[in-house]
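*Asks:* Mind having a look at this structure? Questions to follow.
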Amino acid sequence: MDALDLARLQFAVTTTYHFFFVPLTLGLSILTAIMQTMWVRTDNPVYRQMTRFWGKLFVINFAMGVVTGIVQEFQFGMNWSEYSRFMGDIFGAPLAIEALMAFFLESTFIGVWVFGWDKLPRRLHLASIWLVALGSNISALWILIANSFMQQPVGYVIRNGRAEMDSFGDLITNPNVQVQFPHVFTSGIVTAAFFVLGISAWHLLRNNGEKRDFFLRSFRIATVYGLIGIVLVIMVGHTQAQHMVKTQPMKMAAAEGLFDSEDPAALSLITIGDWEQREEVFSIRLPRMLSLLSYNKLDGEVKGINDLQAEYETTYGAGENYIPPVAITYWSFRAMVGAGFLMLGLAGFGLFLMLRDRIEGPKWFLRALFYALALPYIANTAGWMMTELGRQPWIVFGLQRTEDAVSPNVSAGMVAASLVLFAAIYGILMVADVYLLVKYGRQGPVEDEHDTAPASPDTAAAAI
């Protein structure tokens, strides 16, 4: 593998690992704040226990997300210096604002929240967790503003071979971020909901005595939270797909395995194709449904890969391949959508059981929910794979190709060495993260101990 392939692999590994933690941080921060709000309003000690227990797991996840996220910025200068040189003026602005506005907000007030139990007035302490939730989600917004420029460049001029910001207002109101951020935000809600549902289901299967009421309440709250989230994810995802048809039609064509343009276009349930020869071998399709997905009507042309390749050659230069990895884009899209609709069914059935007061009735359903804890992570990872790989060969769509963005003076050996190092460190962190989550998740809620300031990640989690 050359330096380019290794640099791409390194960024894929570190980004995918980091994004395991991001959606749970976004959603669980809000859910923890909701639980604490319920305690402040009702003075019911169960809600206080819920806040402390689920907040403990939130802090573990938050800490891992921070540690793994720091590495991302270094790679821009180390492996992708040509990218940084080309659009650093634009990409750097939202990242700097994210650190100054959002990260400092969440990192400051998470400390206030962790160490402020029984020291601050209730409402002031409650405000601190809401500020953590606000900061976490604003952080995601600024990161996605930066990423949206890569998907749909706006508010720039090309000067001296570099992209320079021409309109900050256009940058932050990018039409892509208007569909991308709500999708990530609602996916965080779903991730947190199924995280709580999975752990609650595990305890309810064991009928955990005095903890039973605690996990029944957690189950009910997470079911409603998750059902709202998954419905919103699907609705926003539909809007995002329609936006993609307009701005990145090649990505949609790859996601559907659509080699030749169709009007009306059929939706692929399964397509077996010769991805290299750009030919369909076998498919099962729903007539007109892709036109409906794309335009909210039963007719309308959706352009295929072959026609778009010819169009892109005319626009961006002949003799280049503008087709992304079709197989990965196609199957990652189906993994995301399949996991999403499976979660919709599980959350809907959970609500049905909750309304009939039969949550603990079907044991198979509780077992399914425990294993379904993996579903949002599958959907999140597959969704980002489709988003980033489906944009290839562009790192900044229409402006800079990925092969032109890599650092020219970094050898394959250098990248390989750092890749092995990062993989080893991240492997150790994963073991620590899983150990802590399993340990405290299986332990369940405990009585308040009024611990003093902890000195390690393990005792930091125990402190709340």
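Chain identifiers are assigned as A, B, and so on, following the order in which chains appear in the structure tokens; residues are numbered from 1 within each chain, and ligands are numbered from 1 in order of appearance.
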Which residues are close to A:Ser283, i.e. within 12 Å by only C-alpha atoms, leaving aside same-chain residues fewer than 2 positions away? Reply as a ChimeraX atom specification.

*Replies:* /A:256-259,266-274,279-281,285-287

*Asks:* Neighbours of A:Tyr295 within 10 Å (only C-alpha atoms; same-chain residues fewer than 6 positions away dropped), as a PyMOL selection string?

*Replies:* chain A and resi 239+241-243+245+289+301-302

*Asks:* Do a neighbour search on A:Gln392 at 8 Å with only C-alpha atoms, toss out local chain neighbours closer than 4 positions, and write the hits as a list in words.

*Replies:*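 Everything that qualifies: Tyr322, Ile323, Pro324, Pro325, Glu388, Arg401 and Thr402 of chain A.
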
*Asks:* For A:Ser81, list every protein, DNA or RNA residue within 9 Å, evaluated using only C-alpha atoms, and leave out those in the same chain fewer than 5 positions away; present the list as a PDB file with N, CA and C atoms, in the first residue's frame.

*Replies:*
```pdb
ATOM      1  N   GLN A  75      -3.898  14.741  12.297  1.00  0.00           N
ATOM      2  CA  GLN A  75      -3.746  14.090  10.997  1.00  0.00           C
ATOM      3  C   GLN A  75      -3.851  15.071   9.832  1.00  0.00           C
ATOM      4  N   PHE A  76      -4.578  16.172  10.028  1.00  0.00           N
ATOM      5  CA  PHE A  76      -4.688  17.152   8.951  1.00  0.00           C
ATOM      6  C   PHE A  76      -3.323  17.727   8.586  1.00  0.00           C
ATOM      7  N   PHE A  86      -4.764  23.804   1.042  1.00  0.00           N
ATOM      8  CA  PHE A  86      -5.760  24.213   0.067  1.00  0.00           C
ATOM      9  C   PHE A  86      -6.955  24.896   0.721  1.00  0.00           C
ATOM     10  N   ALA A 405      -4.585  15.600  -1.959  1.00  0.00           N
ATOM     11  CA  ALA A 405      -4.642  16.214  -0.633  1.00  0.00           C
ATOM     12  C   ALA A 405      -3.629  15.639   0.337  1.00  0.00           C
ATOM     13  N   VAL A 406      -3.005  14.517  -0.025  1.00  0.00           N
ATOM     14  CA  VAL A 406      -2.106  13.843   0.899  1.00  0.00           C
ATOM     15  C   VAL A 406      -0.782  14.609   1.020  1.00  0.00           C
ATOM     16  N   SER A 407      -0.101  14.450   2.141  1.00  0.00           N
ATOM     17  CA  SER A 407       1.187  15.110   2.358  1.00  0.00           C
ATOM     18  C   SER A 407       2.238  14.536   1.412  1.00  0.00           C
ATOM     19  N   PRO A 408       2.936  15.372   0.659  1.00  0.00           N
ATOM     20  CA  PRO A 408       3.884  14.854  -0.342  1.00  0.00           C
ATOM     21  C   PRO A 408       5.177  14.313   0.253  1.00  0.00           C
TER      22      PRO A 408
END
```

*Asks:* Counting only C-alpha atoms, which of A:Leu366, A:Ala63, A:Ala253, A:Val415 gets nearest to A:Arg206?

*Replies:* A:Leu366

*Asks:* Extract, using only C-alpha atoms, all DNA, RNA and protein residues at most 6 Å from A:Thr68, discarding same-chain residues fewer than 3 positions from it, and format them as a count of residues only.

*Replies:* 3

*Asks:* Quick one: residues within 8 Å of A:Phe109, only C-alpha atoms, excluding same-chain residues fewer than 4 positions away - as a count of residues only?

*Replies:* 6

*Asks:* Which of stretch 293-421 of chain A end up as helix (DSSP H, G or I) when DSSP is run on this backbone - answer as an NGL selection string?

*Replies:* :A and (293-295 or 305-316 or 326-355 or 363-389 or 402-404 or 412-421)

*Asks:* Would you mind exporting the chosen residues as a compact mmCIF listing (two decimals), in the first residue's frame, restricted to C-alpha atoms?

*Replies:*
```txt
# COMPACT_ATOMS: atom_id res chain seq x y z
CA LEU A 293 -37.83 8.79 -2.69
CA SER A 294 -36.00 11.40 -4.75
CA TYR A 295 -38.81 13.77 -5.72
CA ILE A 305 -23.43 5.95 -12.81
CA ASN A 306 -22.48 5.67 -16.48
CA ASP A 307 -24.24 8.88 -17.54
CA LEU A 308 -22.85 10.76 -14.56
CA GLN A 309 -19.31 9.59 -15.32
CA ALA A 310 -19.62 11.07 -18.80
CA GLU A 311 -21.11 14.27 -17.39
CA TYR A 312 -18.35 14.62 -14.78
CA GLU A 313 -15.67 14.09 -17.43
CA THR A 314 -17.11 17.03 -19.32
CA THR A 315 -17.30 19.19 -16.21
CA TYR A 316 -14.15 18.23 -14.30
CA VAL A 326 -19.93 1.27 -5.56
CA ALA A 327 -20.20 -2.00 -3.62
CA ILE A 328 -19.28 -0.46 -0.26
CA THR A 329 -21.53 2.56 -0.85
CA TYR A 330 -24.44 0.32 -1.90
CA TRP A 331 -24.24 -2.11 1.04
CA SER A 332 -23.45 0.50 3.68
CA PHE A 333 -26.61 2.36 2.64
CA ARG A 334 -28.63 -0.81 3.11
CA ALA A 335 -27.02 -1.57 6.45
CA MET A 336 -27.93 1.92 7.68
CA VAL A 337 -31.51 1.82 6.42
CA GLY A 338 -32.05 -1.79 7.50
CA ALA A 339 -30.81 -1.13 11.03
CA GLY A 340 -32.96 2.01 11.20
CA PHE A 341 -36.21 0.30 10.28
CA LEU A 342 -35.42 -2.62 12.59
CA MET A 343 -35.03 -0.13 15.45
CA LEU A 344 -38.32 1.48 14.46
CA GLY A 345 -40.05 -1.89 14.76
CA LEU A 346 -38.44 -2.66 18.12
CA ALA A 347 -39.23 0.76 19.58
CA GLY A 348 -42.82 0.58 18.29
CA PHE A 349 -43.33 -2.86 19.79
CA GLY A 350 -41.78 -1.66 23.03
CA LEU A 351 -44.30 1.17 23.20
CA PHE A 352 -47.11 -1.34 22.53
CA LEU A 353 -45.96 -3.52 25.45
CA MET A 354 -45.50 -0.47 27.67
CA LEU A 355 -49.05 0.73 27.06
CA LYS A 363 -38.53 -12.62 27.30
CA TRP A 364 -37.46 -12.95 23.67
CA PHE A 365 -38.13 -9.26 23.20
CA LEU A 366 -35.91 -8.28 26.12
CA ARG A 367 -33.15 -10.51 24.75
CA ALA A 368 -33.59 -8.93 21.33
CA LEU A 369 -33.30 -5.46 22.84
CA PHE A 370 -30.07 -6.38 24.57
CA TYR A 371 -28.50 -7.45 21.26
CA ALA A 372 -30.15 -4.48 19.51
CA LEU A 373 -27.80 -2.26 21.47
CA ALA A 374 -25.45 -2.79 18.50
CA LEU A 375 -27.96 -1.55 15.90
CA PRO A 376 -27.42 2.22 16.26
CA TYR A 377 -23.66 1.71 16.09
CA ILE A 378 -24.07 -0.29 12.88
CA ALA A 379 -26.33 2.40 11.43
CA ASN A 380 -24.04 5.27 12.48
CA THR A 381 -20.89 3.64 11.13
CA ALA A 382 -22.51 2.52 7.87
CA GLY A 383 -24.04 5.97 7.37
CA TRP A 384 -20.70 7.72 7.65
CA MET A 385 -19.03 5.16 5.40
CA MET A 386 -21.61 5.92 2.74
CA THR A 387 -21.28 9.68 3.27
CA GLU A 388 -17.51 9.78 2.97
CA LEU A 389 -16.80 6.95 0.53
CA THR A 402 -8.30 12.92 -2.38
CA GLU A 403 -5.09 11.89 -4.12
CA ASP A 404 -4.09 15.57 -4.35
CA ALA A 412 4.38 5.05 3.43
CA GLY A 413 6.60 3.75 6.23
CA MET A 414 5.90 6.81 8.39
CA VAL A 415 2.15 6.48 7.93
CA ALA A 416 2.27 2.72 8.54
CA ALA A 417 4.18 3.21 11.78
CA SER A 418 1.71 5.79 13.10
CA LEU A 419 -1.21 3.62 11.95
CA VAL A 420 0.08 0.67 13.98
CA LEU A 421 0.69 2.94 16.97
```

*Asks:* Going by DSSP on the backbone, which bits of stretch 124-176 of chain A are strand (DSSP E or B)? Write them as a PyMOL selection string, please.

*Replies:* chain A and resi 156-159+162-165

*Asks:* Residues near stretch 425-434 of chain A, anyone? I mean within 10 Å using only C-alpha atoms, not counting same-chain ones fewer than 6 positions away, as a VMD selection string.

*Replies:* chain A and resid 13 to 14 17 to 18 57 60 to 61 63 to 64 67 to 68 419 457 to 458

*Asks:* Nearest to A:Gly237: which of A:Phe185, A:Phe58, A:Phe219, A:Phe214 is it, counting only C-alpha atoms?

*Replies:*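 Comparing A:Phe185, A:Phe58, A:Phe219, A:Phe214 against A:Gly237, the winner is A:Phe185.
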
*Asks:* Calculate how many Å separate atom CA of A:Ala222 from atom CA of A:Glu360, rounding to one decimal.

*Replies:*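 Result for atom CA of A:Ala222 versus atom CA of A:Glu360: 15.1 Å, one decimal.
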
*Asks:* Could you make a table, as CSV, of the residues of stretch 296-396 of chain A that have an atom within 8 Å of an atom of stretch 145-169 of chain A, each with its nearest atom pair and distance in Å to one decimal, counting only C-alpha atoms, in chain and number order?

*Replies:*
```
residue,atom,partner,partner_atom,distance
A:Arg391,CA,A:Gln151,CA,7.3
A:Ile395,CA,A:Met150,CA,6.5
A:Val396,CA,A:Met150,CA,4.2
```

*Asks:* Mind dumping the selected residues with C-alpha atoms as a short mmCIF file (atom, residue, chain, number, x, y, z; two decimals), in the first residue's frame?

*Replies:*
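Output (out.cif):
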```
data_model
loop_
_atom_site.label_atom_id
_atom_site.label_comp_id
_atom_site.auth_asym_id
_atom_site.auth_seq_id
_atom_site.Cartn_x
_atom_site.Cartn_y
_atom_site.Cartn_z
CA ARG A 391 -18.06 11.35 -2.19
CA ILE A 395 -12.04 15.13 -0.62
CA VAL A 396 -13.71 18.50 -1.31
#
```
